[in-house]
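One structure below.
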Amino acid sequence: MFFLMSGNDKKKKAAPARKPENLDRVKELFTSGRFPVTTTAELDDDRKVGKILGLVVSRGYDSEDAFFGMAARAVNKGAQAIVGYQENVAFHPDGSKFFTCYGTAVQFESSRNVPQSAGALPAMTRAIA
């Protein structure tokens with residue numbers, strides 16, 4: 001009986017939302033065109049995907065915060081681009097929106113050791129698109 005009554009006294013504080021430290025740097029990289037984000041599995045230029053670093057996800061009540069949070073997580077992993085980018089928006093009856101942005105963080109092949117089959121992306125990336 002003691003355990004049933006004692007739980008109401010303690011209230012947990014909500015953790016403050018963390019923002020990536022390099023958010024301003026990531027915004028500058030994206031707006032200058034040095035960090036491409038594409039909804040397809042390929043990039044328009046001659047650069048080929050060399051390494052898949054994994055899925056990056058960010059959520060927020062502001063679309064810009066969710067997008068650049070995702071990009072900042074990718075940059076923190078060492079990514080040079082995001083392919084297969086998608087976003088979802090959840091609408092609440094009170095009128096608020098909740099954004100989820102996600103994509104695959106990738107690095108490019110180096111020009112020194114390009115394999116023979118450089119024209120095709122790995123199978124994991126093609127499944128995203």
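In the structure tokens, the first chain shown is A, the next is B, and so on; residue numbers restart at 1 for each chain, and ligands run from 1 in the order shown.
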Shell of 12 Å around Gly33 (chain A), only C-alpha atoms, local chain residues under 5 positions omitted, as a CSV table (one decimal) with all heavy atoms, in the first residue's frame:
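In the end it all went to around-v7.csv:
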```csv
chain,number,residue,atom,x,y,z
A,26,VAL,N,25.8,24.4,-40.3
A,26,VAL,CA,25.1,23.5,-41.2
A,26,VAL,C,24.2,24.3,-42.1
A,26,VAL,O,24.1,24.1,-43.3
A,26,VAL,CB,24.3,22.4,-40.4
A,26,VAL,CG1,23.3,21.7,-41.3
A,26,VAL,CG2,25.3,21.5,-39.7
A,27,LYS,N,23.5,25.4,-41.5
A,27,LYS,CA,22.7,26.3,-42.3
A,27,LYS,C,23.5,26.9,-43.4
A,27,LYS,O,23.1,27.0,-44.6
A,27,LYS,CB,22.0,27.3,-41.4
A,27,LYS,CG,20.9,26.8,-40.6
A,27,LYS,CD,20.3,27.9,-39.8
A,27,LYS,CE,19.1,27.4,-39.0
A,27,LYS,NZ,18.5,28.4,-38.2
A,28,GLU,N,24.7,27.3,-43.1
A,28,GLU,CA,25.6,28.0,-44.0
A,28,GLU,C,26.0,27.0,-45.1
A,28,GLU,O,26.1,27.3,-46.3
A,28,GLU,CB,26.8,28.6,-43.3
A,28,GLU,CG,27.6,29.5,-44.2
A,28,GLU,CD,28.7,28.8,-44.9
A,28,GLU,OE1,29.3,27.9,-44.4
A,28,GLU,OE2,29.0,29.2,-46.1
A,38,THR,N,18.8,15.6,-51.2
A,38,THR,CA,18.0,15.2,-52.3
A,38,THR,C,17.0,14.1,-52.0
A,38,THR,O,17.2,13.3,-51.1
A,38,THR,CB,18.9,14.7,-53.5
A,38,THR,OG1,18.0,14.4,-54.6
A,38,THR,CG2,19.7,13.6,-53.1
A,80,GLN,N,28.6,14.0,-46.1
A,80,GLN,CA,28.8,15.0,-47.1
A,80,GLN,C,27.5,15.3,-47.9
A,80,GLN,O,27.4,16.3,-48.6
A,80,GLN,CB,29.8,14.6,-48.1
A,80,GLN,CG,31.2,14.4,-47.5
A,80,GLN,CD,32.2,13.8,-48.4
A,80,GLN,OE1,31.9,12.9,-49.2
A,80,GLN,NE2,33.4,14.3,-48.3
A,81,ALA,N,26.4,14.5,-47.7
A,81,ALA,CA,25.1,14.8,-48.3
A,81,ALA,C,24.1,13.9,-47.6
A,81,ALA,O,24.4,13.0,-46.9
A,81,ALA,CB,25.2,14.4,-49.8
```
**Item:** Contacts of Tyr85 (chain A) within 10 Å, only C-alpha atoms, excl. fewer than 4 positions in-chain, as a VMD selection string
**Value:** chain A and resid 37 to 41 55 to 57 67 70 101 to 105 128 to 129
Write the residues you've just listed into a file as a CSV table (one decimal), in the first residue's frame, and include C-alpha atoms for each of them.
```
chain,number,residue,atom,x,y,z
A,37,VAL,CA,19.9,17.1,-49.7
A,38,THR,CA,18.0,15.2,-52.3
A,39,THR,CA,14.8,13.2,-52.3
A,40,THR,CA,16.2,10.8,-54.9
A,41,ALA,CA,18.8,8.1,-54.4
A,55,LEU,CA,19.6,7.1,-41.2
A,56,VAL,CA,19.3,10.6,-39.7
A,57,VAL,CA,16.1,11.8,-38.1
A,67,PHE,CA,15.3,20.0,-41.3
A,70,MET,CA,18.5,16.4,-39.4
A,101,CYS,CA,12.5,14.9,-41.3
A,102,TYR,CA,14.6,11.9,-42.3
A,103,GLY,CA,17.1,10.7,-44.9
A,104,THR,CA,20.2,8.7,-45.4
A,105,ALA,CA,23.6,10.3,-44.6
A,128,ILE,CA,14.9,4.2,-49.9
A,129,ALA,CA,13.8,6.0,-53.0
```
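Residues in contact range of region 88-96 of chain A, defined as at most 10 Å between only C-alpha atoms, with sequence neighbours fewer than 4 positions away removed, read Arg59, Gly60, Tyr61, Asp62, Ser63, Thr100, Cys101 and Tyr102 of chain A.
Put simply, CA of Val106 (chain A) is 20.6 Å away from CA of Asp24 (chain A).
Of the residues listed (A:Phe68, A:Val83, A:Gly54, A:Phe108), A:Val83 shows the shortest atom-to-atom separation from Pro36 (chain A); distances use only C-alpha atoms.
In this structure, CA of Glu64 (chain A) sits 23.5 Å away from CA of Glu42 (chain A).
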**Request:** List every residue of region 58-108 of chain A that DSSP, applied to the backbone, labels as strand (DSSP E), and write the result as number ranges by chain.
**Result:** A: 58-60, 81-91, 97-108
**Message:** Would you compute the distance between CA of Gly50 (chain A) and CA of Gln107 (chain A)? Give it in Å to one decimal.
**Reply:** 5.7 Å
